[in-house]
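Take a look at the structure below.
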Amino acid sequence: MTKTIYILNGPNLNLLGQREPEIYGHDTLADVEARCAEVAKGGGLAARLLQSNHEGQIIDWVQEAREQAAGIIINPAALTHTSVAVLDALNAFDGPVIEVHISQIHRRESFRHQSYVSLRADAVIAGFGVQGYALAMQRMGQLVGDSA
Ligand code: DQA
């Protein structure tokens, strides 16, 4: 059976392409989804991209992933820097977790330098723009695919 990778996106990422394009670029989340689906397919995986502005919904999807997904790629957006609850949910997930940030968070405001999610993440990608999602999916292919 094809393994599924969840790609979870936190608050305001529904506005990708419109929101602060000088920081986050012009690609939309639909573009990210299409690119990730392509890379996933190449690695024999399936991608399921989800976005919510609500912390509880992100937690529910992480919990759902325990049954439904082989790995999680997550851009928690602002929840990165605030949410112990998202961290706790990820700690209850057994597969690989890759944290993605479109921007280079360590070059930005100091409050963005702290990530609760990094305490769980097996890898972190920041500053590659939306390409970071595709890189994360490529790595997932190695971590959960047949070649792992
Ligand atoms: C972000 C960085 C966060 O600090 C910010 O709150 C976001 C997006 C990124 O992808 O660069 O919403 O996670």
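Just so we're on the same page: first chain in the structure tokens is A, next is B, and so on; residues restart at 1 for each chain, and ligands are numbered from 1 in the order they show up.
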
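All residues, whether protein, DNA or RNA, that have an atom at most 7 Å from ligand 1 (counting only C-alpha atoms and all ligand atoms) are A:Pro11, A:Asn12, A:Leu13, A:Tyr24, A:Asn75, A:Pro76, A:Ala77, A:Ala78, A:Thr80, A:Val100, A:His101, A:Ile102, A:Ser103, A:Gln104, A:Ile105, A:Arg112, A:Ala126.
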
Give me a file of those residues, with all heavy atoms, as a compact mmCIF listing (two decimals), in the first residue's frame.
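Result file follows (part.txt):
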# COMPACT_ATOMS: atom_id res chain seq x y z
N PRO A 11 -1.17 28.71 10.77
CA PRO A 11 -1.89 29.95 10.52
C PRO A 11 -1.28 30.85 9.44
O PRO A 11 -0.05 31.01 9.37
CB PRO A 11 -1.82 30.67 11.88
CG PRO A 11 -1.64 29.58 12.88
CD PRO A 11 -0.89 28.49 12.20
N ASN A 12 -2.16 31.39 8.65
CA ASN A 12 -1.87 32.40 7.61
C ASN A 12 -1.21 31.84 6.35
O ASN A 12 -1.02 32.56 5.38
CB ASN A 12 -1.02 33.56 8.18
CG ASN A 12 -1.72 34.24 9.34
OD1 ASN A 12 -2.84 34.72 9.17
ND2 ASN A 12 -1.10 34.27 10.51
N LEU A 13 -0.89 30.55 6.36
CA LEU A 13 -0.26 29.98 5.17
C LEU A 13 -1.28 29.76 4.05
O LEU A 13 -0.90 29.51 2.91
CB LEU A 13 0.50 28.71 5.51
CG LEU A 13 1.81 29.01 6.27
CD1 LEU A 13 2.41 27.73 6.84
CD2 LEU A 13 2.83 29.72 5.39
N TYR A 24 7.82 35.60 1.62
CA TYR A 24 7.36 34.23 1.38
C TYR A 24 7.21 33.87 -0.10
O TYR A 24 6.91 32.72 -0.43
CB TYR A 24 6.03 34.01 2.11
CG TYR A 24 6.15 34.19 3.62
CD1 TYR A 24 5.52 35.25 4.28
CD2 TYR A 24 6.92 33.32 4.38
CE1 TYR A 24 5.64 35.44 5.65
CE2 TYR A 24 7.06 33.49 5.75
CZ TYR A 24 6.42 34.55 6.37
OH TYR A 24 6.56 34.71 7.74
N ASN A 75 4.94 22.84 8.53
CA ASN A 75 5.29 24.25 8.69
C ASN A 75 4.26 24.81 9.68
O ASN A 75 3.15 25.17 9.28
CB ASN A 75 5.24 25.01 7.37
CG ASN A 75 5.67 26.45 7.56
OD1 ASN A 75 5.80 26.93 8.70
ND2 ASN A 75 5.89 27.17 6.46
N PRO A 76 4.60 24.84 10.96
CA PRO A 76 3.61 25.27 11.96
C PRO A 76 3.36 26.77 11.94
O PRO A 76 2.54 27.26 12.72
CB PRO A 76 4.26 24.85 13.28
CG PRO A 76 5.51 24.08 12.93
CD PRO A 76 5.89 24.51 11.57
N ALA A 77 4.10 27.52 11.08
CA ALA A 77 3.98 28.97 11.00
C ALA A 77 4.19 29.57 12.40
O ALA A 77 5.09 29.13 13.12
CB ALA A 77 2.67 29.37 10.35
N ALA A 78 3.35 30.50 12.82
CA ALA A 78 3.59 31.17 14.11
C ALA A 78 3.49 30.21 15.30
O ALA A 78 4.09 30.46 16.35
CB ALA A 78 2.60 32.32 14.28
N THR A 80 4.96 27.54 15.60
CA THR A 80 6.34 27.09 15.83
C THR A 80 6.87 27.64 17.13
O THR A 80 7.52 26.94 17.91
CB THR A 80 7.26 27.65 14.70
OG1 THR A 80 6.71 27.32 13.44
CG2 THR A 80 8.68 27.14 14.84
N VAL A 100 9.53 22.60 8.28
CA VAL A 100 9.88 23.46 7.15
C VAL A 100 9.49 24.91 7.46
O VAL A 100 8.38 25.16 7.97
CB VAL A 100 9.15 23.01 5.86
CG1 VAL A 100 9.34 24.03 4.74
CG2 VAL A 100 9.63 21.63 5.41
N HIS A 101 10.39 25.81 7.17
CA HIS A 101 10.08 27.24 7.16
C HIS A 101 10.50 27.82 5.83
O HIS A 101 11.63 27.59 5.39
CB HIS A 101 10.78 27.98 8.31
CG HIS A 101 10.35 27.45 9.64
ND1 HIS A 101 9.12 27.74 10.17
CD2 HIS A 101 10.95 26.60 10.49
CE1 HIS A 101 8.99 27.09 11.31
NE2 HIS A 101 10.08 26.39 11.52
N ILE A 102 9.61 28.55 5.23
CA ILE A 102 9.89 29.16 3.93
C ILE A 102 11.00 30.19 4.08
O ILE A 102 11.93 30.26 3.27
CB ILE A 102 8.60 29.80 3.37
CG1 ILE A 102 7.53 28.71 3.18
CG2 ILE A 102 8.87 30.55 2.08
CD1 ILE A 102 6.11 29.24 3.03
N SER A 103 10.90 30.99 5.11
CA SER A 103 11.90 32.04 5.35
C SER A 103 13.02 31.52 6.26
O SER A 103 12.88 30.49 6.91
CB SER A 103 11.23 33.26 6.00
OG SER A 103 10.74 32.93 7.29
N GLN A 104 14.09 32.28 6.29
CA GLN A 104 15.24 31.92 7.14
C GLN A 104 14.95 32.55 8.51
O GLN A 104 15.34 33.69 8.78
CB GLN A 104 16.51 32.50 6.49
CG GLN A 104 17.78 31.75 6.75
CD GLN A 104 18.20 31.68 8.21
OE1 GLN A 104 17.44 31.28 9.09
NE2 GLN A 104 19.44 32.06 8.47
N ILE A 105 14.27 31.78 9.35
CA ILE A 105 13.75 32.34 10.61
C ILE A 105 14.85 32.85 11.54
O ILE A 105 14.60 33.74 12.35
CB ILE A 105 12.87 31.31 11.38
CG1 ILE A 105 13.58 29.97 11.55
CG2 ILE A 105 11.54 31.12 10.68
CD1 ILE A 105 12.82 28.97 12.42
N ARG A 112 11.37 34.61 16.56
CA ARG A 112 11.25 33.52 15.58
C ARG A 112 12.41 32.52 15.68
O ARG A 112 12.43 31.51 14.97
CB ARG A 112 11.18 34.08 14.15
CG ARG A 112 9.95 34.89 13.87
CD ARG A 112 9.87 35.31 12.40
NE ARG A 112 9.04 36.49 12.26
CZ ARG A 112 7.70 36.47 12.16
NH1 ARG A 112 7.05 35.33 12.17
NH2 ARG A 112 7.02 37.60 12.04
N ALA A 126 14.99 25.65 6.51
CA ALA A 126 14.55 27.05 6.60
C ALA A 126 15.31 27.88 5.58
O ALA A 126 16.52 27.71 5.41
CB ALA A 126 14.81 27.60 8.00

May I have the residues within 6 Å of stretch 61-73 of chain A as a list in words, using only C-alpha atoms and disregarding those fewer than 5 positions away in the same chain? Lys3, Thr4, Ile5, Tyr6, Ile7, Phe93, Gly95, Pro96, Val97, Ile98 and Glu99 of chain A

Rank nothing, just name the residue among A:Met140, A:Val32, A:Ile59, A:Val130 nearest to A:Ala92, using only C-alpha atoms.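 Of A:Met140, A:Val32, A:Ile59, A:Val130, the one nearest A:Ala92, counting only C-alpha atoms, is A:Ile59.
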
Could you please write out, as a PyMOL selection string, every residue of chain A that DSSP assigns to alpha helix (DSSP H)? chain A and resi 21-24+29-42+55-68+84-91+131-144

Let me see the file: selected residues, C-alpha atoms, as an mmCIF file, in the first residue's frame.
data_model
loop_
_atom_site.group_PDB
_atom_site.id
_atom_site.type_symbol
_atom_site.label_atom_id
_atom_site.label_comp_id
_atom_site.auth_asym_id
_atom_site.auth_seq_id
_atom_site.Cartn_x
_atom_site.Cartn_y
_atom_site.Cartn_z
ATOM 1 C CA PRO A 21 5.559 38.122 -0.942
ATOM 2 C CA GLU A 22 8.930 39.792 -0.336
ATOM 3 C CA ILE A 23 9.418 37.234 2.473
ATOM 4 C CA TYR A 24 7.356 34.227 1.379
ATOM 5 C CA LEU A 29 -0.118 26.582 -1.269
ATOM 6 C CA ALA A 30 -1.766 24.932 -4.303
ATOM 7 C CA ASP A 31 1.576 25.249 -6.134
ATOM 8 C CA VAL A 32 3.316 23.666 -3.125
ATOM 9 C CA GLU A 33 0.766 20.842 -3.106
ATOM 10 C CA ALA A 34 1.267 20.120 -6.815
ATOM 11 C CA ARG A 35 5.064 20.087 -6.509
ATOM 12 C CA CYS A 36 4.998 17.863 -3.407
ATOM 13 C CA ALA A 37 2.568 15.438 -5.061
ATOM 14 C CA GLU A 38 4.982 15.138 -7.995
ATOM 15 C CA VAL A 39 8.007 14.497 -5.760
ATOM 16 C CA ALA A 40 6.029 12.093 -3.568
ATOM 17 C CA LYS A 41 4.909 10.106 -6.607
ATOM 18 C CA GLY A 42 8.512 9.846 -7.807
ATOM 19 C CA GLU A 55 -4.081 25.241 16.646
ATOM 20 C CA GLY A 56 -6.546 22.522 17.706
ATOM 21 C CA GLN A 57 -7.111 21.487 14.092
ATOM 22 C CA ILE A 58 -3.357 21.087 13.533
ATOM 23 C CA ILE A 59 -3.200 18.920 16.685
ATOM 24 C CA ASP A 60 -6.148 16.811 15.472
ATOM 25 C CA TRP A 61 -4.367 16.209 12.143
ATOM 26 C CA VAL A 62 -1.124 15.242 13.889
ATOM 27 C CA GLN A 63 -3.129 12.737 15.950
ATOM 28 C CA GLU A 64 -4.888 11.474 12.807
ATOM 29 C CA ALA A 65 -1.453 10.994 11.212
ATOM 30 C CA ARG A 66 -0.671 8.375 13.881
ATOM 31 C CA GLU A 67 -3.072 6.084 12.015
ATOM 32 C CA GLN A 68 -2.939 7.479 8.494
ATOM 33 C CA VAL A 84 3.839 23.263 23.397
ATOM 34 C CA ALA A 85 0.582 21.504 22.427
ATOM 35 C CA VAL A 86 1.726 20.959 18.819
ATOM 36 C CA LEU A 87 5.065 19.676 20.163
ATOM 37 C CA ASP A 88 3.271 17.262 22.499
ATOM 38 C CA ALA A 89 1.119 15.967 19.632
ATOM 39 C CA LEU A 90 4.224 15.414 17.467
ATOM 40 C CA ASN A 91 5.916 13.605 20.352
ATOM 41 C CA GLN A 131 11.361 24.637 -2.449
ATOM 42 C CA GLY A 132 11.901 23.533 1.157
ATOM 43 C CA TYR A 133 8.693 21.480 1.021
ATOM 44 C CA ALA A 134 9.877 19.545 -2.039
ATOM 45 C CA LEU A 135 13.276 18.954 -0.422
ATOM 46 C CA ALA A 136 11.526 17.664 2.685
ATOM 47 C CA MET A 137 9.409 15.313 0.560
ATOM 48 C CA GLN A 138 12.508 14.060 -1.231
ATOM 49 C CA ARG A 139 14.086 13.259 2.139
ATOM 50 C CA MET A 140 10.866 11.553 3.285
ATOM 51 C CA GLY A 141 11.250 9.211 0.316
ATOM 52 C CA GLN A 142 14.596 8.125 1.766
ATOM 53 C CA LEU A 143 13.300 7.902 5.334
ATOM 54 C CA VAL A 144 10.099 5.937 4.779
#

Report the distance between atom CA of A:Ala47 and atom CA of A:Thr82 in Å, rounded to one decimal place. 26.5 Å

Length of the atom CA of A:Tyr116 to atom CA of A:Ile74 vector [Å]: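 Interatomic distance, atom CA of A:Tyr116 to atom CA of A:Ile74: 12.4 Å.
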
May I ask for the distance between atom CA of A:Leu119 and atom CA of A:Asp94, given in Å to one decimal place?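 Between these atoms lies a distance of 14.2 Å.
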
Within chain A, find each residue whose DSSP state, derived from the backbone, is strand (DSSP E or B), and express the selection as number ranges by chain. A: 3-9, 45-51, 71-75, 97-101, 123-126

How about saving the chosen residues, C-alpha atoms kept, as a PDB file, in the first residue's frame?
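Output file result-v8.pdb follows:
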ATOM      1  CA  LYS A   3       2.546   5.347   2.213  1.00  0.00           C
ATOM      2  CA  THR A   4       1.064   8.796   2.806  1.00  0.00           C
ATOM      3  CA  ILE A   5       2.981  11.834   4.011  1.00  0.00           C
ATOM      4  CA  TYR A   6       1.001  14.584   5.729  1.00  0.00           C
ATOM      5  CA  ILE A   7       2.098  18.139   4.925  1.00  0.00           C
ATOM      6  CA  LEU A   8       0.636  20.307   7.680  1.00  0.00           C
ATOM      7  CA  ASN A   9       0.537  24.090   7.498  1.00  0.00           C
ATOM      8  CA  LEU A  45       4.603   8.016  -1.795  1.00  0.00           C
ATOM      9  CA  ALA A  46       1.333   9.961  -1.616  1.00  0.00           C
ATOM     10  CA  ALA A  47       1.095  13.526  -0.276  1.00  0.00           C
ATOM     11  CA  ARG A  48      -1.812  15.022   1.696  1.00  0.00           C
ATOM     12  CA  LEU A  49      -1.466  18.783   2.212  1.00  0.00           C
ATOM     13  CA  LEU A  50      -3.607  20.436   4.894  1.00  0.00           C
ATOM     14  CA  GLN A  51      -3.753  23.979   6.276  1.00  0.00           C
ATOM     15  CA  GLY A  71       5.678  10.756   8.041  1.00  0.00           C
ATOM     16  CA  ILE A  72       4.841  14.404   8.722  1.00  0.00           C
ATOM     17  CA  ILE A  73       6.195  17.517   7.040  1.00  0.00           C
ATOM     18  CA  ILE A  74       5.063  20.500   9.075  1.00  0.00           C
ATOM     19  CA  ASN A  75       5.293  24.249   8.693  1.00  0.00           C
ATOM     20  CA  VAL A  97       8.933  14.624  11.247  1.00  0.00           C
ATOM     21  CA  ILE A  98      10.482  17.341   9.088  1.00  0.00           C
ATOM     22  CA  GLU A  99       9.957  20.994  10.045  1.00  0.00           C
ATOM     23  CA  VAL A 100       9.878  23.463   7.151  1.00  0.00           C
ATOM     24  CA  HIS A 101      10.076  27.245   7.162  1.00  0.00           C
ATOM     25  CA  ALA A 123      15.279  17.615  10.285  1.00  0.00           C
ATOM     26  CA  VAL A 124      14.672  21.338   9.828  1.00  0.00           C
ATOM     27  CA  ILE A 125      14.655  23.249   6.541  1.00  0.00           C
ATOM     28  CA  ALA A 126      14.552  27.048   6.600  1.00  0.00           C
TER      29      ALA A 126
END
